[in-house]
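First the structure, in the form of structure tokens, and then the observations on it.
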Amino acid sequence: MVKNKNISVVLGVIGADVHAVGNRILHHALGEAGFEVINIGVMASQEEFINAAIETNANVIVVSSLYGHGEIDCRGLKEKTVEAGLDNVKLYVGGNLVVGKQDWKETEKKFINMGFDRAYPPGTMPQDVIDDINKDFMIAQE
Amino acid sequence: MVKNKNISVVLGVIGADVHAVGNRILHHALGEAGFEVINIGVMASQEEFINAAIETNANVIVVSSLYGHGEIDCRGLKEKTVEAGLDNVKLYVGGNLVVGKQDWKETEKKFINMGFDRAYPPGTMPQDVIDDINKDFMIAQE
Amino acid sequence: METDLAKEKIDWEQFNQQRQEVLQAWPTGQEVDLDEAVEYHKKLAPYRRFPELLKSAEEEGRTLAQPRAGVALVQEQIELLQYLEKEGEADCLPTTIDSYTRQNRYSEAQKGIDESRMEGRSMLNGFPALNHGVSACREVIESLEVPVQVRHGTPDARLLAEVTVAGGFTSFEGGGISYNIPYAKNVPLERSLAHWQYIDRLIGYYQEQGITINREPFGPLTGTLVPPCISHSIGIIESLLAAQQGVKSLTLGYGQCGNLYQDVAAIITLKELAREYLDEYGYKDVELSTVFHQWMGGFPQDENKAFGVIGWGAATAALAKATKVIVKTPHEAMGVPTKEANAAGIKATRQTLNMLKDQSLPESAELQQEKEIIIKEVRMILDRVIEFGEGNLALGSARAFQAGILDVPFAPSRMNYGKLLPARDNNGAVRMLDFGNLPFNKEVIDFHKEKIADRGRKEGREPSFQMVIDDIYAIGKGMLVGRPR
Amino acid sequence: METDLAKEKIDWEQFNQQRQEVLQAWPTGQEVDLDEAVEYHKKLAPYRRFPELLKSAEEEGRTLAQPRAGVALVQEQIELLQYLEKEGEADCLPTTIDSYTRQNRYSEAQKGIDESRMEGRSMLNGFPALNHGVSACREVIESLEVPVQVRHGTPDARLLAEVTVAGGFTSFEGGGISYNIPYAKNVPLERSLAHWQYIDRLIGYYQEQGITINREPFGPLTGTLVPPCISHSIGIIESLLAAQQGVKSLTLGYGQCGNLYQDVAAIITLKELAREYLDEYGYKDVELSTVFHQWMGGFPQDENKAFGVIGWGAATAALAKATKVIVKTPHEAMGVPTKEANAAGIKATRQTLNMLKDQSLPESAELQQEKEIIIKEVRMILDRVIEFGEGNLALGSARAFQAGILDVPFAPSRMNYGKLLPARDNNGAVRMLDFGNLPFNKEVIDFHKEKIADRGRKEGREPSFQMVIDDIYAIGKGMLVGRPR
Ligand code: B12
Ligand code: B12
């Protein structure tokens, strides 16, 4: 566990989204997994994500969007991270990203095209994102 | 009401089918509507329908099939009525005619092709068949 | 005919004489080898055995979900059941037998099999297990990780029982009354009762060899407004008859009526009364469990409304703590369900059962009243049936039907008295509008009369057959009580 | 800031000053003409009016089914609502407002409208009624034969209320606490309470002109394991505040927790307690009704399992005799539902409500206990809130939140104390694992502790945050109580 300590993750819920429950659980789970978690909470703007990542020298930004406006809210985030020199920071996004029950493959493509490294369908369990961070940073599993 | 009295209807549930509830209600409803009802009940063979029709000089044969084997059970009934000289007797069939929830248009076509004058989808109310008998025998409605 | 009805465990020799004849009725009868079958069952994994599953569910107070399902061909039946197990999350499985087999019309069943092969879709409304034979049955059983039960509606199921039990099924539904009165027109009760004594004796034989096979009287009967006292009385009679032949695992059934208090009271009293009568007759070692059938009468055509009916059935089963619930599907009003529709019904049910697993309906004056009336009614009926039998319960039952002491509403059988007319009261509980010849005292009769009169007053009409018709249609039209339009 | 909080009905002159500013915030504010709006409402058909519908349902003891629904564009919203009325058989309708409007981000909402027009699908999670304006709202209202309510989650909904009530909506959901704490992060309670006093005063004005508009505090709050005493206390505070400003029709809400006894007790006590407090404060002429929300937390992804949750919610609402039930859909876990999925949820609910219309949960020791504990808790909380307010209930509420006397689990707001941790007991009732600073006496505290300890013993683990997490996931995973895996 302790070896995850040197990976820091910025966590937040983007836009005008107030869904706080999943954020709280993700925070708890990522913390338990040993990552350093910087949780900017709900209703976070793109700027708040970027600033938090700069300040904490983050490795990953985990964006949640539950309320359906994810598509509008996430546009331009990748460009802003690049502008801010955070090219190496991984960008993950998950939740209920679009309005309505839509074909996940389509939605995933949309977010990958927006510049996200990984996108997750509704109801993804925290363990999946933990595993992926470990994979992306090649941390051997016990 | 009384003017329906001279129309007689043979009623029954064909094949190995024991669904008795709808039969009982149809009997009651057709009787209330003033028709003469000869109810041969459940588990009625093609021969029983024909014999009852001959004996009572029936105008209509109302075949029910609920349990799904209607297709197999009804084959040849039309031919037998013709053989028996009952060319003018109207043949109606209704209930849950085939196995499973299937496209009604297809099923209807199947039974019309088998020689039935009218076929009815699941859940048809007795009033519909009363109206149709009246129509087929041009009895003015009050 | 009456003399054929045993009043105690049938002598094995005598049984065997009859048996030779039974096995002749269709070629697959020759596949049955009792000794080999016993060995087969001894090796069957415990998780494939119904009695064990029921016992553990009963002990843990959880409710198992079981669908109905049967198609014409073996491979299709396997795929269907595997789907319901994996995708549908069923706790235990059925094999529903087709209607030709039920009427012993094996050549017509064969025609159905052949036509199904040709048409590429099931032309039968169930699985013709008898035609397929012993090893085909075992193929089905071994393809699944949960127990499988034979569900049918066969007045004379002797050969079906021989083939399917030898084929590895560990539970067999039905009984001499419950698989005659709702399922036949002309079969004398004396005959069907004798045929079911055969089946129970067969299972008693397996029991003697250490193999328990579960038996389940068919509780819902005609599925349409059957008052609890009727199905309880018949279930208890069939339980006693089965126990007489050596059956040791029994599941008593009841079809949902729709009023929460009546339904919960029914499940509680069903088990209490059955235990009481079995103990009294000396069958203390018989294991009992209960099965609650989601509403067995006419369903709404709209699939979403059907989910409403299914959910309420599941909730009632859970609150009543029934051991098993038989699940309906959103296709119910339309036809035999697709496997997807079948799984849908199970999953909606499972979610409800799970959410209510740790809840039950505690005591209240209303529940108490429903329990008391059921207990009184059942005792009055059973006492008279026993009296009629003069020491032979099977005989007493046949005579009781003749006299209208037992009467099943809307039954197609000529052996049924056919005078009993049920109707709902103002809260939706099923009461009696016409008692026919049921042996009730004034107290019970007044209770029902007042309940129905009360509804009549609220609806501003006299109780009549129109009320009964309205009640028959009610759930299909989205109601419980059929109010005047 | 605190000084802005009225302790009695706001003076009309003073109100009008604020009003001029409010109407400036977006061009559609200029469309609002109060006198003309009053005339419009006077001509509105009674079947399009919420207060009348609620009153008659309450009198007849029937439960109305209402969906949630909102899309970006006017014509689409009309089609959606017409579909839910005709095909879905909804008794009353909503217009759910999009999240940008809720945060007063009207230009982003406008962007959403424009993008939706371009993409040909709704890019907003609700209907931006404020951007569309008064006459667009009236178009919606007039296209339907049942009343329509504004449902949202807006801390500052002053302009939204002006536009939509002038636009013919006859019910408006929300409150200064219930539309802040679960729906915002940084809005001071003093501010949102003052803004909702504005809304209530506006509706009080309509009332003075003889037009009753229904108000509905948002009961479920964060929708996730909210103990009844919390939502009850907040609902009653918001009712008193609304009544203070002249509101005469109030619907109190509660989000299903899942245990039948707790939920029925909650609906019963919610109405009893609200009546008691309103009467005590002299608002005897306020009409009360209740609304039960089907489970508001995480749903199962499987649509059939979702039907299980929906059915149980409908059954509980009916047994509790709530006036209205807010319906979930089989798409809940996935996204804003299609109109078909939405209608499906209503129809499953309607079937269940109809079947249970004539049934209720009668008195029992268990129900009694749940009622008593809720009543005790609410009194302890409210007494302290009132004390804190020193004659100003709004002020008292703001202070109570600061002190943790009121605390909402999992709320995003910084104004929330955030120490309260709920968990289920062994029967699935929601209890408290950590009380934060709730003003409970030892009896109440011991009751909760023992209930949760009991569960811990049965599960062989110490109560902890893991238990809470398990409970949050439980219904989504097909359970009620989150047992250890
Ligand atoms: C009650 C019932 C039973 C009872 C019957 C008791 C009895 N003896 O009467 C029991 C439990 C015994 C039973 C047994 C079986 N049933 Co059944 N049963 C039903 C159920 C739930 C209701 C039937 C009913 O009484 N409805 C109320 C009456 C008033 O309506 P009705 O029967 O539809 O009749 C009305 C109309 O159809 C119409 N009508 C009827 N005939 C005609 C003819 C004409 C010309 C017209 C115009 C109208 C018309 O008027 C009637 C009065 O309004 C239906 C499903 C449903 N509908 O919800 C299944 C159903 C009919 N049964 C079915 C099956 C398969 C069986 C079984 C094979 C076993 C099984 N798999 O469970 C056995 C068959 C036994 C046999 N040999 O027949 C299937 C048929 C499948 C199919 N066609 O694809 C159904 C549809 C259930 C299903 N979805 O699987 N069943
Ligand atoms: C509870 C809830 C609410 C509560 C929220 C209280 C609060 N402040 O937290 C209330 C009632 C206030 C609410 C309000 C609204 N809600 Co809401 N809400 C829900 C609900 C029922 C459960 C959410 C929840 O807590 N789940 C439990 C947690 C543990 O799961 P989670 O949130 O999904 O998070 C987990 C995973 O998604 C994952 N995850 C999350 N982010 C990420 C990121 C990455 C990278 C990864 C890998 C994983 C991951 O991990 C988390 C922990 O396991 C969902 C539907 C559902 N899921 O059943 C709707 C839902 C999210 N809400 C929805 C909507 C539309 C709204 C509203 C606009 C109003 C409305 N129409 O009702 C407002 C929006 C307010 C706003 N401005 O945000 C929609 C979104 C629609 C869409 N995307 O198409 C949903 C899906 C319901 C629906 N089907 O309509 N809501």
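By order in the structure tokens, chains are A, B, ...; within a chain, residues start at 1; ligands start at 1, following the order shown.
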- [ ] Identify, on the basis of only C-alpha atoms, every residue whose closest approach to His19 in chain B does not exceed 12 Å; exclude the query and any residue fewer than 4 positions from it along the same chain; express the result as a PyMOL selection string.
- [x] (chain B and resi 12-15+23-25+41-44+64-68+95-96) or (chain C and resi 99+181-185+221-224+297-298+410-413)
Open item on the list: When DSSP is applied to the backbone of this structure, which of range 174-238 of chain D are assigned alpha helix (DSSP H)? Write them out as number ranges by chain.
Closed with: D: 189-208, 228-238
Task: Residues within 7 Å of Lys90 in chain B, only C-alpha atoms, excluding chain neighbours under 6 positions, as a list in words - done: Asn59, Val60, Ile61 and Asp117 of chain B
Residues as selected, C-alpha atoms, written as a tab-separated table (two decimals), in the first residue's frame, can you do that?
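Written output follows (out-v6.tsv):
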```tsv
chain	number	residue	atom	x	y	z
B	59	ASN	CA	-74.96	-19.55	-36.80
B	60	VAL	CA	-71.56	-19.00	-35.24
B	61	ILE	CA	-68.86	-21.18	-33.74
B	117	ASP	CA	-63.82	-15.58	-40.49
```
Open item on the list: Would you pick out the contacts of Ala194 in chain D at 10 Å or less, using only C-alpha atoms, so that residues sharing its chain but fewer than 2 positions from it are not included, and give the list as a PyMOL selection string?
Closed with: chain D and resi 1-6+156+176+189-192+196-200+394-395
TODO: Mind giving me the straight-line distance from CA of Ala343 in chain D to atom 16 (N, counted along the ligand's line) of ligand 2 in Å, one decimal?
DONE: 18.8 Å
Can you check which parts of chain D lie within 9 Å of ligand 2? Per residue, the shortest pair of atoms and distance in Å to one decimal, counting only C-alpha atoms and all ligand atoms, sorted by chain and number, as a tab-separated table.
```
residue	atom	partner	partner_atom_place_in_ligand_line	distance
D:Arg68	CA	ligand 2	71 (N)	6.7
D:Ala69	CA	ligand 2	71 (N)	7.1
D:Gly70	CA	ligand 2	71 (N)	7.4
D:Thr96	CA	ligand 2	71 (N)	6.1
D:Ile97	CA	ligand 2	68 (C)	7.4
D:Asp98	CA	ligand 2	68 (C)	5.9
D:Ser99	CA	ligand 2	77 (N)	4.7
D:Tyr100	CA	ligand 2	77 (N)	7.4
D:Arg102	CA	ligand 2	77 (N)	6.9
D:Gln103	CA	ligand 2	77 (N)	7.4
D:Leu124	CA	ligand 2	68 (C)	8.8
D:Asn125	CA	ligand 2	65 (C)	5.2
D:Gly126	CA	ligand 2	71 (N)	6.4
D:Arg151	CA	ligand 2	70 (C)	8.3
D:His152	CA	ligand 2	69 (C)	6.6
D:Gly153	CA	ligand 2	75 (C)	6.6
D:Thr154	CA	ligand 2	77 (N)	8.5
D:Tyr179	CA	ligand 2	12 (C)	8.4
D:Ile181	CA	ligand 2	8 (N)	7.8
D:Pro182	CA	ligand 2	8 (N)	4.4
D:Tyr183	CA	ligand 2	8 (N)	5.6
D:Ala184	CA	ligand 2	77 (N)	7.5
D:Pro220	CA	ligand 2	11 (C)	6.8
D:Leu221	CA	ligand 2	12 (C)	6.1
D:Thr222	CA	ligand 2	6 (C)	3.7
D:Gly223	CA	ligand 2	1 (C)	5.0
D:Thr224	CA	ligand 2	1 (C)	6.0
D:Trp295	CA	ligand 2	21 (C)	8.0
D:Met296	CA	ligand 2	21 (C)	5.1
D:Gly297	CA	ligand 2	21 (C)	4.2
D:Gly298	CA	ligand 2	58 (O)	3.3
D:Phe299	CA	ligand 2	58 (O)	3.7
D:Pro300	CA	ligand 2	58 (O)	6.7
D:Gln301	CA	ligand 2	58 (O)	7.7
D:Lys328	CA	ligand 2	89 (N)	8.3
D:Thr329	CA	ligand 2	89 (N)	7.5
D:Pro330	CA	ligand 2	89 (N)	8.5
D:His331	CA	ligand 2	89 (N)	5.6
D:Glu332	CA	ligand 2	89 (N)	3.5
D:Ala333	CA	ligand 2	58 (O)	3.7
D:Met334	CA	ligand 2	89 (N)	5.3
D:Gly335	CA	ligand 2	84 (O)	3.2
D:Val336	CA	ligand 2	90 (O)	3.6
D:Pro337	CA	ligand 2	89 (N)	5.9
D:Phe410	CA	ligand 2	9 (O)	6.2
D:Ala411	CA	ligand 2	8 (N)	5.2
D:Pro412	CA	ligand 2	8 (N)	5.3
D:Ser413	CA	ligand 2	8 (N)	8.1
D:Ile469	CA	ligand 2	29 (C)	7.9
D:Ile472	CA	ligand 2	29 (C)	6.3
D:Tyr473	CA	ligand 2	29 (C)	6.1
D:Gly476	CA	ligand 2	58 (O)	7.1
```
Open item on the list: Please find the residues of chain A near chain D - the criterion being any atom within 7 Å, counting only C-alpha atoms - and write them as number ranges by chain.
Closed with: A: 16, 18, 20-21, 42, 68-69, 96, 99-101, 122
Output of the above residues as a PDB file, in the first residue's frame, restricted to N, CA and C atoms:
```
ATOM      1  N   ALA A  16     -21.547  22.489 -12.539  1.00  0.00           N
ATOM      2  CA  ALA A  16     -22.537  22.884 -11.537  1.00  0.00           C
ATOM      3  C   ALA A  16     -23.083  21.650 -10.821  1.00  0.00           C
ATOM      4  N   VAL A  18     -23.568  18.838  -8.096  1.00  0.00           N
ATOM      5  CA  VAL A  18     -23.439  18.764  -6.637  1.00  0.00           C
ATOM      6  C   VAL A  18     -23.471  17.336  -6.089  1.00  0.00           C
ATOM      7  N   ALA A  20     -22.471  14.539  -4.303  1.00  0.00           N
ATOM      8  CA  ALA A  20     -21.360  14.506  -3.357  1.00  0.00           C
ATOM      9  C   ALA A  20     -21.047  13.112  -2.838  1.00  0.00           C
ATOM     10  N   VAL A  21     -21.956  12.184  -3.005  1.00  0.00           N
ATOM     11  CA  VAL A  21     -21.810  10.890  -2.332  1.00  0.00           C
ATOM     12  C   VAL A  21     -20.672  10.074  -2.957  1.00  0.00           C
ATOM     13  N   VAL A  42     -17.299  19.067  -4.875  1.00  0.00           N
ATOM     14  CA  VAL A  42     -18.284  19.263  -5.951  1.00  0.00           C
ATOM     15  C   VAL A  42     -18.188  20.674  -6.509  1.00  0.00           C
ATOM     16  N   GLY A  68     -25.075  14.968 -15.986  1.00  0.00           N
ATOM     17  CA  GLY A  68     -25.468  14.941 -17.390  1.00  0.00           C
ATOM     18  C   GLY A  68     -24.845  16.018 -18.260  1.00  0.00           C
ATOM     19  N   HIS A  69     -24.298  17.067 -17.612  1.00  0.00           N
ATOM     20  CA  HIS A  69     -23.693  18.144 -18.392  1.00  0.00           C
ATOM     21  C   HIS A  69     -22.197  17.934 -18.625  1.00  0.00           C
ATOM     22  N   ASN A  96     -21.930   9.674 -14.717  1.00  0.00           N
ATOM     23  CA  ASN A  96     -22.999   9.586 -15.733  1.00  0.00           C
ATOM     24  C   ASN A  96     -22.746  10.737 -16.693  1.00  0.00           C
ATOM     25  N   VAL A  99     -26.266  13.155 -21.010  1.00  0.00           N
ATOM     26  CA  VAL A  99     -27.686  13.146 -20.647  1.00  0.00           C
ATOM     27  C   VAL A  99     -28.330  11.880 -21.209  1.00  0.00           C
ATOM     28  N   GLY A 100     -28.914  11.089 -20.333  1.00  0.00           N
ATOM     29  CA  GLY A 100     -29.655   9.924 -20.793  1.00  0.00           C
ATOM     30  C   GLY A 100     -28.813   8.668 -20.886  1.00  0.00           C
ATOM     31  N   LYS A 101     -29.531   7.551 -21.088  1.00  0.00           N
ATOM     32  CA  LYS A 101     -28.895   6.236 -21.214  1.00  0.00           C
ATOM     33  C   LYS A 101     -28.434   6.096 -22.657  1.00  0.00           C
ATOM     34  N   PRO A 122     -21.143   4.600 -16.175  1.00  0.00           N
ATOM     35  CA  PRO A 122     -21.855   4.729 -14.895  1.00  0.00           C
ATOM     36  C   PRO A 122     -21.611   3.523 -13.985  1.00  0.00           C
TER      37      PRO A 122
END
```
TODO: Name the residues in contact with Ile112 in chain A at a cut-off of 12 Å, using only C-alpha atoms, excluding same-chain residues fewer than 5 positions from it; report them as a list of chain:residue names.
DONE: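 Selected residues are A:Glu71, A:Cys74, A:Arg75, A:Lys78, A:Lys90, A:Leu91, A:Tyr92, A:Val93, A:Gly94, A:Lys105, A:Glu106, A:Thr107, A:Asp117, A:Arg118, A:Ala119, A:Tyr120.
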- [ ] Compare B:Gly85, B:Gly76, B:Gly34, B:Gly123 by their minimum atom-to-atom distance to ligand 1, counting only C-alpha atoms and all ligand atoms, and give me the closest one.
- [x]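 Among B:Gly85, B:Gly76, B:Gly34, B:Gly123, it is B:Gly123 that comes nearest to ligand 1.
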Open item on the list: What's around Gly404 in chain C at 7 Å? Count only C-alpha atoms, leave out sequence neighbours fewer than 5 positions away in its own chain, and write the answer as number ranges by chain.
Closed with: C: 417, 436-438
Resulting file, chosen residues, C-alpha atoms, as a PDB file, in the first residue's frame:
```pdb
ATOM      1  CA  TYR C 417     -69.465 -29.193  -7.193  1.00  0.00           C
ATOM      2  CA  GLY C 436     -72.284 -23.733  -2.242  1.00  0.00           C
ATOM      3  CA  ASN C 437     -72.247 -26.581   0.224  1.00  0.00           C
ATOM      4  CA  LEU C 438     -69.206 -25.693   2.297  1.00  0.00           C
TER       5      LEU C 438
END
```
With only C-alpha atoms as the counted atoms, please give the residues lying no more than 12 Å from Asn426 in chain D, apart from itself and same-chain residues fewer than 2 positions off, as a PDB file with N, CA and C atoms, in the first residue's frame.
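New file result-v4.pdb:
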```pdb
ATOM      1  N   MET C 355     -34.500  -6.862  -0.724  1.00  0.00           N
ATOM      2  CA  MET C 355     -34.717  -5.643   0.055  1.00  0.00           C
ATOM      3  C   MET C 355     -35.599  -5.911   1.274  1.00  0.00           C
ATOM      4  N   LEU C 356     -36.400  -6.974   1.194  1.00  0.00           N
ATOM      5  CA  LEU C 356     -37.326  -7.256   2.291  1.00  0.00           C
ATOM      6  C   LEU C 356     -36.915  -8.455   3.130  1.00  0.00           C
ATOM      7  N   LYS C 357     -35.748  -8.971   2.814  1.00  0.00           N
ATOM      8  CA  LYS C 357     -35.256 -10.173   3.480  1.00  0.00           C
ATOM      9  C   LYS C 357     -35.306 -10.055   4.997  1.00  0.00           C
ATOM     10  N   ASP C 358     -34.975  -8.885   5.508  1.00  0.00           N
ATOM     11  CA  ASP C 358     -34.882  -8.719   6.956  1.00  0.00           C
ATOM     12  C   ASP C 358     -36.115  -8.038   7.544  1.00  0.00           C
ATOM     13  N   GLN C 359     -37.213  -8.082   6.784  1.00  0.00           N
ATOM     14  CA  GLN C 359     -38.443  -7.488   7.282  1.00  0.00           C
ATOM     15  C   GLN C 359     -39.559  -8.536   7.250  1.00  0.00           C
TER      16      GLN C 359
ATOM     17  N   ASN D 259     -37.318   0.492   4.895  1.00  0.00           N
ATOM     18  CA  ASN D 259     -37.963  -0.359   5.892  1.00  0.00           C
ATOM     19  C   ASN D 259     -39.428   0.061   5.995  1.00  0.00           C
ATOM     20  N   ALA D 423     -26.574   4.796   9.337  1.00  0.00           N
ATOM     21  CA  ALA D 423     -26.356   3.412   8.890  1.00  0.00           C
ATOM     22  C   ALA D 423     -27.651   2.657   9.152  1.00  0.00           C
ATOM     23  N   ARG D 424     -27.824   1.575   8.446  1.00  0.00           N
ATOM     24  CA  ARG D 424     -29.042   0.799   8.635  1.00  0.00           C
ATOM     25  C   ARG D 424     -28.917  -0.125   9.841  1.00  0.00           C
ATOM     26  N   GLY D 428     -33.001  -2.932   8.325  1.00  0.00           N
ATOM     27  CA  GLY D 428     -32.945  -1.992   7.218  1.00  0.00           C
ATOM     28  C   GLY D 428     -33.428  -0.595   7.534  1.00  0.00           C
ATOM     29  N   ALA D 429     -33.895  -0.358   8.744  1.00  0.00           N
ATOM     30  CA  ALA D 429     -34.293   1.003   9.103  1.00  0.00           C
ATOM     31  C   ALA D 429     -33.041   1.866   9.225  1.00  0.00           C
ATOM     32  N   VAL D 430     -33.154   3.140   8.847  1.00  0.00           N
ATOM     33  CA  VAL D 430     -31.995   4.031   8.907  1.00  0.00           C
ATOM     34  C   VAL D 430     -31.859   4.592  10.315  1.00  0.00           C
ATOM     35  N   ARG D 431     -30.725   4.328  10.922  1.00  0.00           N
ATOM     36  CA  ARG D 431     -30.419   4.839  12.263  1.00  0.00           C
ATOM     37  C   ARG D 431     -29.164   5.692  12.182  1.00  0.00           C
ATOM     38  N   HIS D 448     -30.593   4.230  19.145  1.00  0.00           N
ATOM     39  CA  HIS D 448     -29.850   4.086  17.881  1.00  0.00           C
ATOM     40  C   HIS D 448     -28.628   3.199  18.055  1.00  0.00           C
ATOM     41  N   GLU D 450     -27.994   0.877  20.166  1.00  0.00           N
ATOM     42  CA  GLU D 450     -28.318  -0.528  20.356  1.00  0.00           C
ATOM     43  C   GLU D 450     -28.751  -1.160  19.031  1.00  0.00           C
ATOM     44  N   LYS D 451     -29.537  -0.417  18.251  1.00  0.00           N
ATOM     45  CA  LYS D 451     -29.994  -0.938  16.964  1.00  0.00           C
ATOM     46  C   LYS D 451     -28.810  -1.243  16.053  1.00  0.00           C
ATOM     47  N   ILE D 452     -27.849  -0.346  16.019  1.00  0.00           N
ATOM     48  CA  ILE D 452     -26.713  -0.563  15.117  1.00  0.00           C
ATOM     49  C   ILE D 452     -25.756  -1.617  15.689  1.00  0.00           C
ATOM     50  N   ALA D 453     -25.613  -1.612  17.001  1.00  0.00           N
ATOM     51  CA  ALA D 453     -24.764  -2.637  17.630  1.00  0.00           C
ATOM     52  C   ALA D 453     -25.327  -4.028  17.345  1.00  0.00           C
ATOM     53  N   ASP D 454     -26.643  -4.107  17.403  1.00  0.00           N
ATOM     54  CA  ASP D 454     -27.322  -5.374  17.133  1.00  0.00           C
ATOM     55  C   ASP D 454     -26.971  -5.869  15.733  1.00  0.00           C
ATOM     56  N   ARG D 455     -27.028  -4.973  14.773  1.00  0.00           N
ATOM     57  CA  ARG D 455     -26.635  -5.362  13.413  1.00  0.00           C
ATOM     58  C   ARG D 455     -25.174  -5.799  13.388  1.00  0.00           C
ATOM     59  N   GLY D 456     -24.338  -5.022  14.040  1.00  0.00           N
ATOM     60  CA  GLY D 456     -22.910  -5.359  14.077  1.00  0.00           C
ATOM     61  C   GLY D 456     -22.688  -6.776  14.602  1.00  0.00           C
ATOM     62  N   ARG D 457     -23.395  -7.090  15.665  1.00  0.00           N
ATOM     63  CA  ARG D 457     -23.260  -8.437  16.231  1.00  0.00           C
ATOM     64  C   ARG D 457     -23.677  -9.493  15.216  1.00  0.00           C
ATOM     65  N   LYS D 458     -24.798  -9.251  14.529  1.00  0.00           N
ATOM     66  CA  LYS D 458     -25.272 -10.239  13.573  1.00  0.00           C
ATOM     67  C   LYS D 458     -24.308 -10.392  12.404  1.00  0.00           C
ATOM     68  N   GLU D 459     -23.599  -9.301  12.093  1.00  0.00           N
ATOM     69  CA  GLU D 459     -22.665  -9.353  10.968  1.00  0.00           C
ATOM     70  C   GLU D 459     -21.247  -9.682  11.413  1.00  0.00           C
ATOM     71  N   PRO D 463     -19.444  -1.651  14.044  1.00  0.00           N
ATOM     72  CA  PRO D 463     -19.979  -0.581  13.192  1.00  0.00           C
ATOM     73  C   PRO D 463     -18.874   0.424  12.838  1.00  0.00           C
ATOM     74  N   MET D 467     -19.425   0.190   7.058  1.00  0.00           N
ATOM     75  CA  MET D 467     -20.840  -0.180   7.107  1.00  0.00           C
ATOM     76  C   MET D 467     -21.668   0.841   6.320  1.00  0.00           C
ATOM     77  N   ASP D 471     -23.846   0.314   2.967  1.00  0.00           N
ATOM     78  CA  ASP D 471     -25.262   0.688   2.880  1.00  0.00           C
ATOM     79  C   ASP D 471     -25.532   1.602   1.682  1.00  0.00           C
ATOM     80  N   LEU D 480     -30.850  -4.332   0.671  1.00  0.00           N
ATOM     81  CA  LEU D 480     -31.235  -3.124   1.402  1.00  0.00           C
ATOM     82  C   LEU D 480     -30.142  -2.834   2.435  1.00  0.00           C
ATOM     83  N   VAL D 481     -29.831  -3.847   3.222  1.00  0.00           N
ATOM     84  CA  VAL D 481     -28.772  -3.709   4.219  1.00  0.00           C
ATOM     85  C   VAL D 481     -27.453  -4.132   3.558  1.00  0.00           C
ATOM     86  N   GLY D 482     -26.425  -3.295   3.694  1.00  0.00           N
ATOM     87  CA  GLY D 482     -25.133  -3.612   3.079  1.00  0.00           C
ATOM     88  C   GLY D 482     -24.335  -4.575   3.942  1.00  0.00           C
ATOM     89  N   ARG D 483     -24.590  -5.847   3.758  1.00  0.00           N
ATOM     90  CA  ARG D 483     -23.888  -6.857   4.575  1.00  0.00           C
ATOM     91  C   ARG D 483     -22.430  -6.962   4.128  1.00  0.00           C
TER      92      ARG D 483
END
```
Open item on the list: Could you work out which residues of chain C fall inside 8 Å of chain D? Count only C-alpha atoms, and format the result as a ChimeraX atom specification.
Closed with: /C:258-260,304-309,311-312,315,344-345,347-352,354-356,358-359,362-364,366,426-428,475,478-481
Task: Counting only C-alpha atoms, the residue of D:Pro67, D:Gly204, D:Pro128, D:Pro228 that sits nearest Pro94 in chain D - done: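 Ranking D:Pro67, D:Gly204, D:Pro128, D:Pro228 by distance to Pro94 in chain D, first place goes to D:Pro67.
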